[in-house]
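Shown here: my_file-v4.cif, mmCIF, C-alpha atoms.
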data_input
loop_
_atom_site.group_PDB
_atom_site.id
_atom_site.type_symbol
_atom_site.label_atom_id
_atom_site.label_comp_id
_atom_site.auth_asym_id
_atom_site.auth_seq_id
_atom_site.Cartn_x
_atom_site.Cartn_y
_atom_site.Cartn_z
ATOM 1 C CA MET Z 16 37.058 22.509 15.311
ATOM 2 C CA TYR Z 17 36.985 20.460 12.188
ATOM 3 C CA LYS Z 18 40.333 19.698 10.611
ATOM 4 C CA GLY Z 19 39.418 21.259 7.244
ATOM 5 C CA LEU Z 20 38.033 24.404 8.874
ATOM 6 C CA ARG Z 21 41.102 24.791 11.088
ATOM 7 C CA GLU Z 22 43.389 24.454 8.079
ATOM 8 C CA ALA Z 23 41.393 27.060 6.163
ATOM 9 C CA ILE Z 24 41.659 29.538 9.049
ATOM 10 C CA LEU Z 25 45.417 28.906 9.330
ATOM 11 C CA ARG Z 26 45.754 29.610 5.595
ATOM 12 C CA GLY Z 27 44.023 32.946 6.148
ATOM 13 C CA GLU Z 28 40.801 32.148 4.333
ATOM 14 C CA THR Z 29 38.007 34.081 6.051
ATOM 15 C CA ASP Z 30 35.363 33.969 3.324
ATOM 16 C CA SER Z 31 32.992 31.143 4.248
ATOM 17 C CA SER Z 32 31.420 31.078 0.788
ATOM 18 C CA THR Z 33 34.495 29.308 -0.560
ATOM 19 C CA MET Z 34 34.242 26.547 2.053
ATOM 20 C CA GLY Z 35 32.151 23.483 1.427
ATOM 21 C CA LYS Z 36 29.026 23.104 -0.607
ATOM 22 C CA ARG Z 37 25.398 22.893 0.477
ATOM 23 C CA VAL Z 38 23.775 19.562 -0.290
ATOM 24 C CA VAL Z 39 20.001 19.086 -0.220
ATOM 25 C CA LEU Z 40 19.001 15.459 0.135
ATOM 26 C CA PRO Z 41 16.027 14.454 -2.045
ATOM 27 C CA SER Z 42 12.939 12.763 -0.612
ATOM 28 C CA SER Z 43 14.115 9.512 -2.202
ATOM 29 C CA PHE Z 44 17.042 9.408 0.271
ATOM 30 C CA ALA Z 45 15.706 7.010 2.945
ATOM 31 C CA GLY Z 46 15.948 8.442 6.443
ATOM 32 C CA GLY Z 47 16.501 12.048 5.377
ATOM 33 C CA PRO Z 48 14.269 14.908 6.568
ATOM 34 C CA ARG Z 49 12.435 15.258 3.239
ATOM 35 C CA TYR Z 50 11.835 11.494 3.154
ATOM 36 C CA MET Z 51 10.332 11.575 6.650
ATOM 37 C CA ILE Z 52 8.145 14.589 5.863
ATOM 38 C CA GLN Z 53 6.885 13.010 2.633
ATOM 39 C CA ASN Z 54 6.044 9.718 4.372
ATOM 40 C CA TYR Z 55 4.277 11.580 7.188
ATOM 41 C CA GLN Z 56 2.228 13.578 4.694
ATOM 42 C CA ASP Z 57 1.352 10.394 2.771
ATOM 43 C CA ALA Z 58 0.178 8.718 5.997
ATOM 44 C CA MET Z 59 -1.929 11.744 6.946
ATOM 45 C CA ALA Z 60 -3.484 11.788 3.459
ATOM 46 C CA ILE Z 61 -4.449 8.121 3.849
ATOM 47 C CA CYS Z 62 -5.979 8.874 7.268
ATOM 48 C CA GLY Z 63 -7.908 11.780 5.739
ATOM 49 C CA TRP Z 64 -9.191 9.596 2.926
ATOM 50 C CA ILE Z 65 -10.023 6.429 4.876
ATOM 51 C CA ASP Z 66 -10.545 7.706 8.479
ATOM 52 C CA TYR Z 67 -8.668 6.772 11.627
ATOM 53 C CA PRO Z 68 -6.942 3.378 11.756
ATOM 54 C CA ASP Z 69 -8.824 0.548 13.444
ATOM 55 C CA LEU Z 70 -5.751 -1.199 14.844
ATOM 56 C CA PHE Z 71 -2.379 0.044 16.071
ATOM 57 C CA ILE Z 72 0.074 -2.832 16.380
ATOM 58 C CA THR Z 73 3.580 -2.686 17.820
ATOM 59 C CA PHE Z 74 5.813 -5.604 16.837
ATOM 60 C CA THR Z 75 9.121 -5.770 18.730
ATOM 61 C CA CYS Z 76 12.236 -7.835 18.080
ATOM 62 C CA ASN Z 77 13.189 -10.346 20.753
ATOM 63 C CA TYR Z 78 16.817 -11.421 20.972
ATOM 64 C CA GLU Z 79 15.642 -14.644 22.652
ATOM 65 C CA TRP Z 80 13.736 -15.860 19.583
ATOM 66 C CA PRO Z 81 14.665 -19.513 18.898
ATOM 67 C CA GLU Z 82 16.003 -18.577 15.441
ATOM 68 C CA VAL Z 83 18.526 -16.174 16.989
ATOM 69 C CA VAL Z 84 19.512 -18.442 19.880
ATOM 70 C CA ASP Z 85 19.899 -21.542 17.682
ATOM 71 C CA PHE Z 86 22.181 -19.711 15.260
ATOM 72 C CA LEU Z 87 24.395 -18.090 17.908
ATOM 73 C CA LYS Z 88 24.695 -21.001 20.358
ATOM 74 C CA PRO Z 89 27.202 -23.152 18.356
ATOM 75 C CA CYS Z 90 29.454 -20.118 17.859
ATOM 76 C CA ASN Z 91 29.336 -19.043 21.540
ATOM 77 C CA LEU Z 92 28.118 -15.608 20.496
ATOM 78 C CA LYS Z 93 25.671 -13.217 22.127
ATOM 79 C CA PRO Z 94 22.925 -11.333 20.247
ATOM 80 C CA GLU Z 95 24.827 -8.066 20.680
ATOM 81 C CA ASP Z 96 27.758 -9.658 18.820
ATOM 82 C CA ARG Z 97 25.579 -10.091 15.704
ATOM 83 C CA PRO Z 98 22.952 -7.304 15.592
ATOM 84 C CA ASN Z 99 22.569 -7.864 11.853
ATOM 85 C CA LEU Z 100 21.202 -11.354 12.522
ATOM 86 C CA SER Z 101 18.483 -10.066 14.876
ATOM 87 C CA SER Z 102 17.582 -7.328 12.398
ATOM 88 C CA ARG Z 103 17.325 -9.749 9.473
ATOM 89 C CA ILE Z 104 15.166 -12.211 11.388
ATOM 90 C CA PHE Z 105 12.994 -9.327 12.583
ATOM 91 C CA LYS Z 106 12.530 -8.096 9.002
ATOM 92 C CA ILE Z 107 11.553 -11.584 7.840
ATOM 93 C CA LYS Z 108 8.991 -11.854 10.645
ATOM 94 C CA VAL Z 109 7.579 -8.365 9.984
ATOM 95 C CA ASP Z 110 7.235 -9.114 6.269
ATOM 96 C CA ARG Z 111 5.442 -12.363 7.109
ATOM 97 C CA LEU Z 112 3.080 -10.588 9.528
ATOM 98 C CA ILE Z 113 2.301 -7.870 6.965
ATOM 99 C CA LYS Z 114 1.645 -10.546 4.320
ATOM 100 C CA GLU Z 115 -0.747 -12.420 6.623
ATOM 101 C CA ILE Z 116 -2.577 -9.208 7.562
ATOM 102 C CA LYS Z 117 -2.936 -8.245 3.885
ATOM 103 C CA LYS Z 118 -4.314 -11.689 2.997
ATOM 104 C CA GLY Z 119 -7.082 -11.067 5.528
ATOM 105 C CA LYS Z 120 -6.263 -14.154 7.560
ATOM 106 C CA ILE Z 121 -5.708 -12.437 10.904
ATOM 107 C CA PHE Z 122 -8.120 -9.515 11.274
ATOM 108 C CA GLY Z 123 -10.263 -9.870 8.161
ATOM 109 C CA GLU Z 124 -10.124 -7.824 4.969
ATOM 110 C CA ILE Z 125 -8.289 -4.518 5.128
ATOM 111 C CA ARG Z 126 -8.623 -1.254 3.260
ATOM 112 C CA ALA Z 127 -5.108 0.016 3.931
ATOM 113 C CA LEU Z 128 -1.976 -0.695 5.953
ATOM 114 C CA ILE Z 129 0.882 1.599 6.949
ATOM 115 C CA TYR Z 130 3.973 0.583 8.880
ATOM 116 C CA THR Z 131 7.329 1.948 9.912
ATOM 117 C CA ILE Z 132 10.374 0.265 11.438
ATOM 118 C CA GLU Z 133 12.396 2.031 14.117
ATOM 119 C CA PHE Z 134 15.324 1.053 16.318
ATOM 120 C CA GLN Z 135 15.131 1.330 20.098
ATOM 121 C CA LYS Z 136 17.926 2.871 22.126
ATOM 122 C CA ARG Z 137 19.227 -0.582 23.002
ATOM 123 C CA GLY Z 138 19.439 -1.428 19.307
ATOM 124 C CA LEU Z 139 16.489 -3.760 18.790
ATOM 125 C CA PRO Z 140 14.118 -2.928 15.931
ATOM 126 C CA HIS Z 141 10.380 -2.568 16.344
ATOM 127 C CA ALA Z 142 7.563 -1.877 13.913
ATOM 128 C CA HIS Z 143 4.484 0.317 14.293
ATOM 129 C CA ILE Z 144 1.659 -0.965 12.102
ATOM 130 C CA LEU Z 145 -1.600 0.875 11.375
ATOM 131 C CA VAL Z 146 -4.382 -1.307 9.997
ATOM 132 C CA PHE Z 147 -7.506 0.112 8.376
ATOM 133 C CA LEU Z 148 -10.171 -2.610 8.289
ATOM 134 C CA LYS Z 149 -13.133 -2.853 5.937
ATOM 135 C CA PRO Z 150 -16.358 -1.857 7.750
ATOM 136 C CA VAL Z 151 -17.557 -5.457 8.040
ATOM 137 C CA PHE Z 152 -14.457 -6.392 10.085
ATOM 138 C CA MET Z 153 -14.210 -3.336 12.342
ATOM 139 C CA VAL Z 154 -13.786 -3.962 16.058
ATOM 140 C CA MET Z 155 -17.083 -3.658 17.914
ATOM 141 C CA ALA Z 156 -17.706 -3.051 21.610
ATOM 142 C CA VAL Z 157 -20.040 -5.148 23.736
ATOM 143 C CA GLN Z 158 -22.920 -2.763 23.055
ATOM 144 C CA GLY Z 159 -22.211 -2.898 19.328
ATOM 145 C CA LYS Z 160 -20.735 0.599 19.061
ATOM 146 C CA HIS Z 161 -17.712 1.242 16.861
ATOM 147 C CA LEU Z 162 -14.504 1.813 18.844
ATOM 148 C CA SER Z 163 -12.860 4.441 16.638
ATOM 149 C CA GLY Z 164 -11.935 7.694 18.292
ATOM 150 C CA GLY Z 165 -10.918 7.994 21.901
ATOM 151 C CA PRO Z 166 -12.368 8.126 25.394
ATOM 152 C CA CYS Z 167 -13.450 11.739 24.831
ATOM 153 C CA GLN Z 168 -15.636 10.751 21.890
ATOM 154 C CA PRO Z 169 -19.337 10.386 22.812
ATOM 155 C CA HIS Z 170 -19.628 7.112 20.819
ATOM 156 C CA TYR Z 171 -16.655 5.516 22.582
ATOM 157 C CA ALA Z 172 -17.759 2.430 24.499
#

Show me, as C-alpha cells, the structure contained in the file I just sent.
Amino acid sequence: MYKGLREAILRGETDSSTMGKRVVLPSSFAGGPRYMIQNYQDAMAICGWIDYPDLFITFTCNYEWPEVVDFLKPCNLKPEDRPNLSSRIFKIKVDRLIKEIKKGKIFGEIRALIYTIEFQKRGLPHAHILVFLKPVFMVMAVQGKHLSGGPCQPHYA
C-alpha cells in the first residue's frame, strides 16, 4: 500500500473522492499518452497525404564510437558510467544525419521526413527515420519498377 493511502485508512477516511486529484497530461507533455497519440496521428496523416515512405532507416548508438571511448579513457570510466555522454553524442550524430538527408546530399531531394528516438532495454538510444523521396529520386528495381509496397503487391520487384 502507498503510505498516504495507508494513513488515510488508519484515520478512518473511506471516501475515495477526498483522496488525490486526477491529472490529465496535455499533448504538449513529451512522452505522455496524448503526446504519443498526437504524433502517431500526425505521422499517419503525412503517410496519407504523401504515400508510403521510400526509406526506413534505423540509426543505433554505439558505445564504442571513438568520441565516447576517447572521452572516457583518461578517466578510466566505462560507457555505462556516463550514459548521458553516449546519449548526447548520439543526438549530435542523429541531428547531423537528419540535416544531411534534408539537404539532399545522401538520397536526393526529399518530400518529408519523420523520425523518433527510443531507448533500448540495455539503455542505448536508437532512431527510426522515415524518408519520403521526391519521385525523381525514388528507389528503382532492376526492371525499373517502383519498390513501394511489400512482397504481396503485384508491382513489387

With the PyMOL selection byres ((chain Z and resi 131) around 8) as the selection, what would be picked from this file? Answer as a list in words, please.
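When the PyMOL selection byres ((chain Z and resi 131) around 8) is applied to the shown file, the picked residues are Ile129, Tyr130, Ile132, Glu133, Ala142, His143 and Ile144 of chain Z.
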
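CA of Trp80 (chain Z) is found 19.7 Å from CA of Glu115 (chain Z).
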
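Every protein or nucleic acid residue with an atom no more than 10 Å from Ser42 (chain Z), counting only C-alpha atoms and leaving out same-chain residues fewer than 4 positions away, appears here: Gly46, Gly47, Pro48, Arg49, Tyr50, Met51, Ile52, Gln53 and Asn54 of chain Z.
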
CA of Ile113 (chain Z) and CA of Leu70 (chain Z), how far apart in Å?
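That distance, rounded to one decimal, is 13.1 Å.
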
As an exercise, work out the distance from CA of Ala60 (chain Z) to CA of Leu145 (chain Z) in Å and give it to one decimal place.
13.6 Å

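Shortest separation to Arg137 (chain Z) among Z:Val151, Z:Cys76, Z:Ala58, Z:Ile104 occurs at residue Z:Cys76, atoms counted being all atoms listed in the file.
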
Choose the residue, out of Z:Leu139, Z:Val146, Z:Ile61, Z:Val38, that has the smallest atom-to-atom separation from Lys106 (chain Z); count only C-alpha atoms.
Z:Leu139

Let me have the centre and edge lengths of the axis-aligned box enclosing all listed atoms of region 39-53 of chain Z with 3 Å padding on every side, in Å to one decimal, as JSON.
{"center_x": 13.4, "center_y": 13.0, "center_z": 2.2, "size_x": 19.1, "size_y": 18.1, "size_z": 14.9}
